[in-house]
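Report on the structure given below.
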Amino acid sequence: MKKSLFALAMIVGCSLYAQEKIDLDYYLPQDVSYDKSIPTPKEVIGHEVGEWHVTHDKLMFYMQTVANASERMTIESRGETFEGRPILLLTVTSPENHKQIDRIQKDHMAISENGKASVDDLPIVVYQGFSIHGNEPSGANASLAYAYYLAAAQGPEIEEKLQRMVILLDPSFNPDGLQRFAYWANTNKSINPNPDKNEREFHEVWPGGRTNHYWFDMNRDWLPVQLPESRARIETFHKWLPNILTDHHEMGTNSTFFFQPGEPTRVHPLTPKINQELTAEIGTYHAKALDKIGSLYYSEENYDDYYYGKGSTFPDVNGSIGILFEQGSSRGHIQESENGIITFPFTIRNQFTTALSTIEAAQNMRTKILSYQRDFYSGMRNEAVSSRTKAIVFGDSKDAAKTWHLAEILNRHKIKFHELNENVKVDGKAYKKGSSYVVPMNQKKHRLIKAMFEKRTTFADSLFYDISAWTFPLAFNVDYSETSSMANAGKEVTDFKPLSGTIDSQSDYAYLFEWNEYYTPKALNAITQKGLRAKVAKSPFSLEGKTYGYGTIMIPVQNQDLNATELYSFLQEVARESKLKITAVSTGLTKGIDLGSNDFDPVQKQKVAILVGAGIRSYDAGEVWHLFDTRYDIELTKIDKQYFNTVDLSSYTDLIIPSGYKKNVLDKNHKKKLKDWVKAGGTLIGYRTVAEWFNKNELMKLKFKKDTLVAKDISFGQKQDFTGAQVTGGAIFEAKLDRSHPINYGYKNDRLSLFRNTNVYIEPDKDSYNNPIQYTDNPLLSGYISKENLEHIKGSVPFQVKRSGKGRIIIFTDNTNFRAFWYGTNKLLMNAIFFGDMM
């Protein structure tokens with residue numbers, strides 16, 4: 001496919017502008033007859049496809065209805081979204097195939113196990129998914145017409161396709177976001193369509209419909225699988241290993257239509273070259289189909305195939321072919337653009353057309369694509385056998401829960417792993433049985449394991465559509481080592497059970513738990529919310545043969561609102577819910593600080609708020625909300641900037657300000673309000689770009705390392721590449737920790753991997769004790785950063801705290817909660833919440 005390939009005809013969306021009504025014929029091939037017993041979308045949902053934005057409930061009703069009416073379809077719900085909407089999947093194939101669908105699935109999976117298996121008579125499997133971004137709705141709306149076509153089209157052509165194919169139809173990757181955006185677009189629709197770009201219909205209120213309930217971009221979650229929608233589709237993916245997976249999106253209104261392949265220089269090295277060749281061949285079918293209806297398009301530009309957490313890239317490391325479609329968006333029902341008036345039905349038709357061209361390509365390339373998948377896994381087995389690394393050991397001897405959650409991701413991806421057979425030291429790192437696992441490299445998912453565990457710092461290109469690093473053991477802050485044998489492996493884990501927590505016995509004196517475990521903040525919050533007294537150790541100590549580190553929590557038995565028996569019963573529940581071990585002790589006499597020492601500080605009950613609304617990055621805010629709400633069961637009050645001035649902050653102990661899209665995330669008139677609240681005892685926590693606002697408005701004095709790069713001998717045509725190369729889009733860096741500082745309580749090692757996607761670099765304070773987290777002199781662990789920015793980050797500090805009156809102002813330059821899978825730095829925020837007044 002040549003770069004910037006275009007059809008010669010003009011967009012035909014203009015012709016629809018004058019039409020009052022459209023019907024299904026606008027989308028459907030006209031050389032086909034249709035079964036009248038199959039209900040049309042209008043007969044079920046009450047309007048034509050594209051006349052209104054379909055809500056998810058109507059989409060669900062139609063899919064259920066058409067599946068019940070057709071012998072070609074079955075429908076299932078694979079779970080629920082956070083808002084309780086079903087996560088649907090339709091399986092579409094011939095009635096004969098449906099009668100033996102289990103055998104077909106088994107035979108299809110067999111080609112990934114047997115390198116000599118014949119593919120001549122096997123159906124090809126195609127997974128077609130729509131609108132993972134809720135405000136990119138043309139895909140989900142196209143699925144209405146597409147489902148009708150698959151059910152109702154008659155004749156030998158469609159019958160032959162379905163006999164040779166199994167289609168997994170996912171009509172809405174993001175039910176909650178689709179519902180949110182449909183409400184917005186429909187409630188702002190006028191009787192007289194208005195394409196003016198300033199029309200309110202095209203300007204959603206914050207946070208918009210792109211994301212799921214907790215404001216996550218779900219098209220980044222295919223690899224981490226932290227969200228229920230992702231977990232459902234990944235289960236389907238690994239059950240079937242589809243040969244092709246399509247992902248229907250939208251892009252800016254002034255764009256046309258994109259299909260892969262993307263930028264040739266930005267393909268992940270683990271993706272085979274033949275994958276891109278097959279992608280390009282499939283692209284010729286899309287070009288032909290779009291030529292036929294006169295739609296402009298392009299390929300091999302803008303989008304890349306690098307990060308394996310995207311829907312169009314994840315299949316590539318699994319022996320499948322991922323295809324991204326991007327349609328220029330009407331964002332509502334009709335909008336002006338550089339290419340003329342673009343209508344919602346026009347965007348739907350392009351998506352529908354490429355859904356058809358996908359199965360056309362799949363049918364004609366069936367044996368070639370099936371053979372590719374078979375040969376991919378055959379090659380993986382050979383690659384695994386010859387690999388010097390035979391296993392990867394990972395774990396955290398003091399944090400079984402965090403280790404378990406990394407293993408949980410492996411389990412969801414059907415990666416085999418084993419228990420550790422005994423406590424062992426590898427490369428100077430101690431691995432504990434029960435808190436560590438062993439991953440054999442000689443297995444089917446060999447390349448996927450490499451993609452998850454490898455570190456990479458050299459690249460063919462300096463531009464990235466998304467992040468350039470995601471090394472999972474670094475994200476989880478667990479120790480890991482590559483080994484040349486399986487000597488440390490115990491039994492394979494085939495029944496992966498949740499962790500359990502315990503309390504060893506009842507005490508009449510005190511209970512202790514170390515702060516290392518992932519769910520300790522959940523436990524401490526439950527204890528303080530119950531009105532119980534708890535204290536935190538500011539120094540290490542030993543008691544009854546066990547060593548306790550910085551941040552250990554002590555709950556005295558006496559002088560509590562619960563008697564000794566009630567307290568024991570309550571703490572049993574806390575231990576179970578928080579998956580940690582609580583130790584009963586009978587004396588306060590220790591080696592080190594005694595339990596009655598003033599080096600135990602009381603921990604207060606927290607009431608936390610977060611600033612949200614226009615100007616705040618919804619992703620960053622959503623990550624914090626999700627962390628508090630789904631993992632730690634901590635109540636979090638979301639305060640919108642729109643009414644922030646009217647809020648009495650006096651009852652809140654902490655206020656979090658996530659990163660914003662502009663340096664001025666707040667107005668100047670907010671400065672005094674925040675200063676007064678902090679002086680009265682509040683803890684103000686800012687992230688990323690908020691650092692510059694804090695400094696500018698004199699909340700805390702910071703000195704930044706500034707970019708002095710000057711473009712020399714750079715042409716105008718090179719400008720975009722030059723400036724793009726200075727973007728730190730997402731890489732991993734090493735920092736050294738002062739573990740005696742409260743911000744670092746609970747960390748076992750004196751090194752920490754931090755995720756960074758900003759170029760905010762703070763100079764260290766002149767006093768070393770004020771720099772408890774500081775980047776090392778050789779900080780890059782994995783990912784891309786320009787040479788200039790690499791010099792800036794060396795020795796800089798990603799954290800600072802300032803006392804102001806009775807309160808504290810805290811800044812993080814890095815995202816400690818990135819995409820819900822950066823488990824390793826979640827505790828930094830929790831430490832700021834619970835121990836901020838000690839800093």
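Here, A, B, ... name the chains of the structure tokens in the order displayed, residue numbers run from 1 inside each chain, and ligands are numbered from 1 in the same displayed order.
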
Any chance you could tabulate, as a Markdown table, the residues of region 444-549 of chain A at most 12 Å from region 260-271 of chain A with each one's nearest atom pair and distance in Å to one decimal, using only C-alpha atoms, in chain and rising number order?
```
| residue | atom | partner | partner_atom | distance |
| --- | --- | --- | --- | --- |
| A:His446 | CA | A:Leu270 | CA | 10.9 |
| A:Arg447 | CA | A:Leu270 | CA | 7.3 |
| A:Leu448 | CA | A:Leu270 | CA | 8.9 |
| A:Ile449 | CA | A:Leu270 | CA | 11.0 |
| A:Lys450 | CA | A:Leu270 | CA | 8.5 |
| A:Ala451 | CA | A:Leu270 | CA | 7.4 |
| A:Met452 | CA | A:Leu270 | CA | 11.2 |
| A:Glu454 | CA | A:Leu270 | CA | 10.8 |
| A:Arg456 | CA | A:Pro269 | CA | 10.3 |
| A:Thr458 | CA | A:Pro269 | CA | 10.8 |
| A:Phe459 | CA | A:Arg266 | CA | 8.6 |
| A:Ala460 | CA | A:Thr265 | CA | 6.4 |
| A:Asp461 | CA | A:Thr265 | CA | 6.2 |
| A:Ser462 | CA | A:Arg266 | CA | 8.8 |
| A:Leu463 | CA | A:Arg266 | CA | 7.8 |
| A:Phe464 | CA | A:Arg266 | CA | 7.2 |
| A:Tyr465 | CA | A:Arg266 | CA | 8.8 |
| A:Asp466 | CA | A:Arg266 | CA | 10.7 |
| A:Ile467 | CA | A:His268 | CA | 11.9 |
| A:Ser468 | CA | A:His268 | CA | 9.7 |
| A:Ala469 | CA | A:His268 | CA | 11.2 |
```

Take the selection from the previous step and output its residues with N, CA and C atoms, as a CSV table (one decimal), in the first residue's frame.
```
chain,number,residue,atom,x,y,z
A,446,HIS,N,5.2,-17.5,24.5
A,446,HIS,CA,6.6,-17.1,24.7
A,446,HIS,C,6.8,-15.6,24.3
A,447,ARG,N,6.2,-15.2,23.2
A,447,ARG,CA,6.5,-13.8,22.7
A,447,ARG,C,5.7,-12.8,23.5
A,448,LEU,N,4.5,-13.2,23.9
A,448,LEU,CA,3.7,-12.3,24.8
A,448,LEU,C,4.4,-12.1,26.1
A,449,ILE,N,5.1,-13.1,26.7
A,449,ILE,CA,5.8,-13.0,27.9
A,449,ILE,C,7.0,-12.0,27.7
A,450,LYS,N,7.7,-12.1,26.6
A,450,LYS,CA,8.8,-11.2,26.3
A,450,LYS,C,8.2,-9.8,26.2
A,451,ALA,N,7.1,-9.6,25.5
A,451,ALA,CA,6.5,-8.2,25.4
A,451,ALA,C,6.2,-7.6,26.8
A,452,MET,N,5.8,-8.5,27.7
A,452,MET,CA,5.4,-8.0,29.0
A,452,MET,C,6.6,-7.7,30.0
A,454,GLU,N,10.1,-7.5,29.0
A,454,GLU,CA,11.4,-7.0,28.5
A,454,GLU,C,11.6,-5.5,28.8
A,456,ARG,N,13.4,-2.1,27.0
A,456,ARG,CA,13.9,-1.7,25.7
A,456,ARG,C,14.2,-0.2,25.7
A,458,THR,N,16.3,1.3,22.9
A,458,THR,CA,16.7,1.7,21.6
A,458,THR,C,15.6,1.5,20.6
A,459,PHE,N,15.4,2.5,19.7
A,459,PHE,CA,14.2,2.5,18.9
A,459,PHE,C,14.6,3.0,17.5
A,460,ALA,N,13.8,2.5,16.5
A,460,ALA,CA,14.0,2.9,15.1
A,460,ALA,C,13.4,4.3,14.8
A,461,ASP,N,12.5,4.7,15.7
A,461,ASP,CA,11.9,6.0,15.5
A,461,ASP,C,11.8,6.7,16.9
A,462,SER,N,11.7,8.1,16.8
A,462,SER,CA,11.6,8.8,18.1
A,462,SER,C,10.2,9.4,18.3
A,463,LEU,N,9.3,9.0,17.5
A,463,LEU,CA,7.9,9.4,17.7
A,463,LEU,C,7.0,8.2,18.1
A,464,PHE,N,6.1,8.4,19.0
A,464,PHE,CA,5.2,7.3,19.4
A,464,PHE,C,3.8,7.8,19.6
A,465,TYR,N,2.9,7.0,19.1
A,465,TYR,CA,1.5,7.3,19.2
A,465,TYR,C,1.0,7.2,20.7
A,466,ASP,N,1.7,6.3,21.4
A,466,ASP,CA,1.3,6.0,22.8
A,466,ASP,C,2.6,5.8,23.6
A,467,ILE,N,2.6,5.1,24.7
A,467,ILE,CA,3.7,4.9,25.5
A,467,ILE,C,4.8,4.1,24.8
A,468,SER,N,6.0,4.2,25.3
A,468,SER,CA,7.1,3.4,24.7
A,468,SER,C,7.6,2.3,25.6
A,469,ALA,N,7.1,2.2,26.8
A,469,ALA,CA,7.5,1.2,27.8
A,469,ALA,C,6.4,0.9,28.7
```

Helix (DSSP H, G or I) positions in region 397-636 of chain A, given as a VMD selection string
chain A and resid 400 to 412 446 to 453 472 to 475 520 to 529 564 to 578 618 to 631

Keeping C-alpha atoms, export the residues of the selection given above as a compact mmCIF listing (two decimals), in the first residue's frame.
```txt
# COMPACT_ATOMS: atom_id res chain seq x y z
CA ALA A 400 2.14 -11.14 48.30
CA ALA A 401 -0.92 -9.22 47.05
CA LYS A 402 0.94 -7.06 44.55
CA THR A 403 2.75 -10.16 43.27
CA TRP A 404 -0.57 -11.99 43.02
CA HIS A 405 -2.07 -9.23 40.88
CA LEU A 406 0.79 -9.48 38.39
CA ALA A 407 0.24 -13.23 38.25
CA GLU A 408 -3.47 -12.51 37.77
CA ILE A 409 -2.66 -10.68 34.51
CA LEU A 410 -0.59 -13.65 33.33
CA ASN A 411 -3.48 -15.94 34.20
CA ARG A 412 -5.95 -13.84 32.19
CA HIS A 446 6.56 -17.07 24.68
CA ARG A 447 6.49 -13.84 22.70
CA LEU A 448 3.73 -12.29 24.78
CA ILE A 449 5.84 -12.96 27.90
CA LYS A 450 8.77 -11.19 26.26
CA ALA A 451 6.54 -8.24 25.41
CA MET A 452 5.44 -7.96 29.04
CA PHE A 453 8.79 -8.45 30.78
CA PHE A 472 5.26 -5.18 34.02
CA PRO A 473 7.60 -6.17 36.88
CA LEU A 474 8.82 -2.57 36.96
CA ALA A 475 5.23 -1.31 36.96
CA THR A 520 -2.64 -2.02 53.91
CA PRO A 521 -4.24 1.38 53.08
CA LYS A 522 -7.59 -0.38 52.80
CA ALA A 523 -7.05 -1.93 56.22
CA LEU A 524 -5.92 1.32 57.85
CA ASN A 525 -8.86 3.22 56.39
CA ALA A 526 -11.31 0.64 57.73
CA ILE A 527 -9.70 0.88 61.17
CA THR A 528 -9.72 4.68 61.37
CA GLN A 529 -13.23 4.98 59.90
CA ALA A 564 -10.89 -6.92 73.28
CA THR A 565 -13.17 -9.60 71.80
CA GLU A 566 -15.00 -7.17 69.52
CA LEU A 567 -11.72 -5.67 68.34
CA TYR A 568 -10.33 -9.12 67.52
CA SER A 569 -13.46 -10.00 65.55
CA PHE A 570 -13.33 -6.71 63.64
CA LEU A 571 -9.64 -7.10 62.81
CA GLN A 572 -10.28 -10.64 61.58
CA GLU A 573 -12.66 -9.14 59.01
CA VAL A 574 -10.16 -6.42 58.12
CA ALA A 575 -7.42 -9.01 57.57
CA ARG A 576 -9.66 -11.09 55.31
CA GLU A 577 -10.87 -8.13 53.26
CA SER A 578 -7.40 -6.61 52.95
CA SER A 618 -10.12 13.06 33.17
CA TYR A 619 -7.80 10.05 32.77
CA ASP A 620 -5.67 11.15 35.74
CA ALA A 621 -8.71 11.95 37.87
CA GLY A 622 -10.40 8.69 36.96
CA GLU A 623 -7.33 6.66 37.90
CA VAL A 624 -7.40 8.17 41.40
CA TRP A 625 -11.16 7.67 41.72
CA HIS A 626 -10.85 4.03 40.62
CA LEU A 627 -7.98 3.42 43.05
CA PHE A 628 -9.87 4.79 46.03
CA ASP A 629 -13.24 3.32 45.14
CA THR A 630 -12.50 -0.17 43.79
CA ARG A 631 -9.30 -1.15 45.57
```

List the neighbours of Ile553 (chain A) out to 8 Å using only C-alpha atoms; skip same-chain residues closer than 3 positions along the sequence, and give me the result as a PyMOL selection string.
chain A and resi 512-515+534-537

Write to file, as a CSV table (one decimal), in the first residue's frame, the residues of the selection just made, with C-alpha atoms.
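Everything below was put into part.csv:
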```csv
chain,number,residue,atom,x,y,z
A,512,LEU,CA,0.8,-5.1,64.4
A,513,PHE,CA,1.0,-5.2,60.6
A,514,GLU,CA,3.8,-4.0,58.4
A,515,TRP,CA,2.9,-1.4,55.8
A,534,ALA,CA,-4.0,3.4,65.3
A,535,LYS,CA,-0.4,4.5,65.3
A,536,VAL,CA,2.4,4.4,62.8
A,537,ALA,CA,6.1,3.5,63.5
```

List every residue of region 515-724 of chain A that DSSP, applied to the backbone of this structure, places in strand (DSSP E), and write the result as a ChimeraX atom specification.
/A:535-537,541-543,546-548,553-556,581-585,591-592,600-602,608-612,636-640,654-657,683-687

Skip Ile111 (chain A) itself and residues of its chain fewer than 4 positions away, then list as number ranges by chain all residues within 10 Å of it, counting only C-alpha atoms.
A: 106-107, 115-119, 122, 370-371, 373-378

Dump as a tab-separated table (two decimals), in the first residue's frame, selection limited to all heavy atoms:
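Now in selection12.tsv:
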```
chain	number	residue	atom	x	y	z
A	106	LYS	N	-12.41	-25.87	18.97
A	106	LYS	CA	-11.32	-26.75	19.39
A	106	LYS	C	-10.35	-26.98	18.24
A	106	LYS	O	-9.13	-26.94	18.42
A	106	LYS	CB	-11.91	-28.08	19.87
A	106	LYS	CG	-10.87	-29.06	20.39
A	106	LYS	CD	-11.54	-30.35	20.88
A	106	LYS	CE	-10.50	-31.34	21.38
A	106	LYS	NZ	-11.15	-32.61	21.85
A	107	ASP	N	-10.88	-27.22	17.03
A	107	ASP	CA	-10.01	-27.43	15.86
A	107	ASP	C	-9.22	-26.18	15.52
A	107	ASP	O	-8.06	-26.26	15.11
A	107	ASP	CB	-10.85	-27.86	14.66
A	107	ASP	CG	-11.42	-29.26	14.80
A	107	ASP	OD1	-10.99	-29.99	15.72
A	107	ASP	OD2	-12.32	-29.62	14.01
A	115	GLY	N	2.11	-27.59	14.66
A	115	GLY	CA	2.68	-26.92	13.50
A	115	GLY	C	2.45	-27.62	12.19
A	115	GLY	O	2.73	-27.05	11.12
A	116	LYS	N	1.92	-28.85	12.22
A	116	LYS	CA	1.67	-29.59	10.98
A	116	LYS	C	0.18	-29.72	10.68
A	116	LYS	O	-0.21	-30.42	9.74
A	116	LYS	CB	2.30	-30.98	11.08
A	116	LYS	CG	3.83	-30.94	11.18
A	116	LYS	CD	4.41	-32.35	11.25
A	116	LYS	CE	5.93	-32.30	11.34
A	116	LYS	NZ	6.52	-33.66	11.41
A	117	ALA	N	-0.66	-29.07	11.49
A	117	ALA	CA	-2.10	-29.19	11.31
A	117	ALA	C	-2.53	-28.61	9.97
A	117	ALA	O	-2.03	-27.58	9.52
A	117	ALA	CB	-2.83	-28.48	12.44
A	118	SER	N	-3.48	-29.27	9.32
A	118	SER	CA	-4.01	-28.78	8.05
A	118	SER	C	-5.03	-27.67	8.31
A	118	SER	O	-5.84	-27.76	9.24
A	118	SER	CB	-4.67	-29.92	7.29
A	118	SER	OG	-5.33	-29.43	6.14
A	119	VAL	N	-4.99	-26.64	7.47
A	119	VAL	CA	-5.94	-25.53	7.61
A	119	VAL	C	-6.93	-25.50	6.45
A	119	VAL	O	-7.77	-24.59	6.38
A	119	VAL	CB	-5.19	-24.18	7.70
A	119	VAL	CG1	-4.25	-24.17	8.90
A	119	VAL	CG2	-4.42	-23.88	6.41
A	122	LEU	N	-10.65	-25.50	7.54
A	122	LEU	CA	-11.03	-24.78	8.75
A	122	LEU	C	-11.67	-23.43	8.42
A	122	LEU	O	-11.20	-22.71	7.55
A	122	LEU	CB	-9.81	-24.54	9.63
A	122	LEU	CG	-9.18	-25.73	10.33
A	122	LEU	CD1	-7.98	-25.27	11.15
A	122	LEU	CD2	-10.19	-26.42	11.24
A	370	LEU	N	-4.79	-18.38	8.03
A	370	LEU	CA	-4.76	-19.50	8.97
A	370	LEU	C	-3.36	-20.12	9.03
A	370	LEU	O	-2.86	-20.46	10.12
A	370	LEU	CB	-5.77	-20.56	8.54
A	370	LEU	CG	-7.24	-20.24	8.84
A	370	LEU	CD1	-8.16	-21.20	8.07
A	370	LEU	CD2	-7.55	-20.34	10.33
A	371	SER	N	-2.71	-20.23	7.89
A	371	SER	CA	-1.34	-20.78	7.86
A	371	SER	C	-0.38	-19.87	8.60
A	371	SER	O	0.54	-20.35	9.28
A	371	SER	CB	-0.89	-20.96	6.40
A	371	SER	OG	-1.69	-21.90	5.73
A	373	GLN	N	-1.04	-17.99	11.19
A	373	GLN	CA	-1.19	-18.21	12.63
A	373	GLN	C	-0.55	-19.52	13.08
A	373	GLN	O	0.13	-19.57	14.11
A	373	GLN	CB	-2.67	-18.19	13.03
A	373	GLN	CG	-2.90	-18.26	14.53
A	373	GLN	CD	-4.35	-18.08	14.90
A	373	GLN	OE1	-5.15	-19.00	14.74
A	373	GLN	NE2	-4.71	-16.91	15.39
A	374	ARG	N	-0.77	-20.56	12.31
A	374	ARG	CA	-0.15	-21.85	12.64
A	374	ARG	C	1.38	-21.72	12.68
A	374	ARG	O	2.03	-22.18	13.62
A	374	ARG	CB	-0.56	-22.89	11.61
A	374	ARG	CG	0.07	-24.27	11.81
A	374	ARG	CD	-0.12	-25.13	10.58
A	374	ARG	NE	0.54	-24.52	9.41
A	374	ARG	CZ	0.29	-24.85	8.14
A	374	ARG	NH1	-0.62	-25.80	7.88
A	374	ARG	NH2	0.91	-24.26	7.15
A	375	ASP	N	1.94	-21.07	11.65
A	375	ASP	CA	3.39	-20.94	11.56
A	375	ASP	C	3.94	-20.01	12.63
A	375	ASP	O	5.08	-20.18	13.09
A	375	ASP	CB	3.78	-20.44	10.17
A	375	ASP	CG	3.41	-21.44	9.07
A	375	ASP	OD1	3.12	-22.60	9.40
A	375	ASP	OD2	3.38	-21.03	7.89
A	376	PHE	N	3.16	-19.02	13.03
A	376	PHE	CA	3.58	-18.10	14.10
A	376	PHE	C	3.85	-18.90	15.37
A	376	PHE	O	4.90	-18.75	16.01
A	376	PHE	CB	2.50	-17.04	14.33
A	376	PHE	CG	2.77	-16.13	15.49
A	376	PHE	CD1	3.45	-14.94	15.32
A	376	PHE	CD2	2.34	-16.45	16.79
A	376	PHE	CE1	3.70	-14.08	16.39
A	376	PHE	CE2	2.59	-15.60	17.86
A	376	PHE	CZ	3.26	-14.42	17.65
A	377	TYR	N	2.90	-19.73	15.76
A	377	TYR	CA	3.06	-20.47	17.02
A	377	TYR	C	4.09	-21.59	16.89
A	377	TYR	O	4.78	-21.92	17.86
A	377	TYR	CB	1.71	-21.00	17.50
A	377	TYR	CG	0.90	-19.91	18.16
A	377	TYR	CD1	-0.14	-19.27	17.48
A	377	TYR	CD2	1.23	-19.46	19.43
A	377	TYR	CE1	-0.86	-18.24	18.08
A	377	TYR	CE2	0.52	-18.44	20.04
A	377	TYR	CZ	-0.52	-17.83	19.36
A	377	TYR	OH	-1.21	-16.79	19.94
A	378	SER	N	4.23	-22.14	15.71
A	378	SER	CA	5.29	-23.11	15.49
A	378	SER	C	6.65	-22.45	15.67
A	378	SER	O	7.55	-23.00	16.31
A	378	SER	CB	5.17	-23.71	14.09
A	378	SER	OG	6.22	-24.62	13.84
```

Can you list, as an NGL selection string, every protein, DNA or RNA residue that comes within 6 Å of region 205-210 of chain A when you count only C-alpha atoms, leaving out same-chain residues fewer than 4 positions away?
:A and (133-135 or 177 or 180-181 or 613-614 or 618)

Need the shell around Thr637 (chain A): protein/DNA/RNA residues with any atom at most 10 Å away, counting only C-alpha atoms. Skip same-chain ones fewer than 3 positions apart. Format as a list in words?
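My list of contacting residues is Lys607, Val608, Ala609, Ile610, Leu611, Val612, Trp625, Ile634, Asp640, Tyr652 and Leu655 of chain A.
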
For region 244-286 of chain A versus region 140-156 of chain A, which residues have an atom no more than 12 Å away, and what is each residue's nearest atom pair and distance in Å rounded to one decimal, using only C-alpha atoms, chain-then-number order, as a Markdown table?
```
| residue | atom | partner | partner_atom | distance |
| --- | --- | --- | --- | --- |
| A:Asp247 | CA | A:Ala140 | CA | 10.8 |
| A:His248 | CA | A:Ala140 | CA | 8.4 |
| A:His249 | CA | A:Ala140 | CA | 9.5 |
| A:Glu250 | CA | A:Ala140 | CA | 11.1 |
```

With C-alpha atoms retained, export the selected residues as a PDB file, in the first residue's frame.
```pdb
ATOM      1  CA  ASP A 247     -11.163  -2.045  15.991  1.00  0.00           C
ATOM      2  CA  HIS A 248     -13.473   0.689  14.635  1.00  0.00           C
ATOM      3  CA  HIS A 249     -12.647   4.230  15.820  1.00  0.00           C
ATOM      4  CA  GLU A 250     -13.126   7.878  14.888  1.00  0.00           C
TER       5      GLU A 250
END
```

Test item: residues at most 8 Å from Pro440 (chain A), only C-alpha atoms, excluding those fewer than 6 positions along its chain, as number ranges by chain
A: 390-392, 416-418, 486

With C-alpha atoms retained, export the selected residues as an mmCIF file, in the first residue's frame.
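Saved result, result_4.cif, follows:
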```
data_model
loop_
_atom_site.group_PDB
_atom_site.id
_atom_site.type_symbol
_atom_site.label_atom_id
_atom_site.label_comp_id
_atom_site.auth_asym_id
_atom_site.auth_seq_id
_atom_site.Cartn_x
_atom_site.Cartn_y
_atom_site.Cartn_z
ATOM 1 C CA LYS A 390 14.427 -20.656 30.517
ATOM 2 C CA ALA A 391 12.362 -18.953 33.197
ATOM 3 C CA ILE A 392 11.549 -15.644 34.841
ATOM 4 C CA LYS A 416 1.512 -20.661 32.409
ATOM 5 C CA PHE A 417 3.339 -20.061 35.683
ATOM 6 C CA HIS A 418 4.480 -22.080 38.679
ATOM 7 C CA MET A 486 13.481 -24.281 35.799
#
```
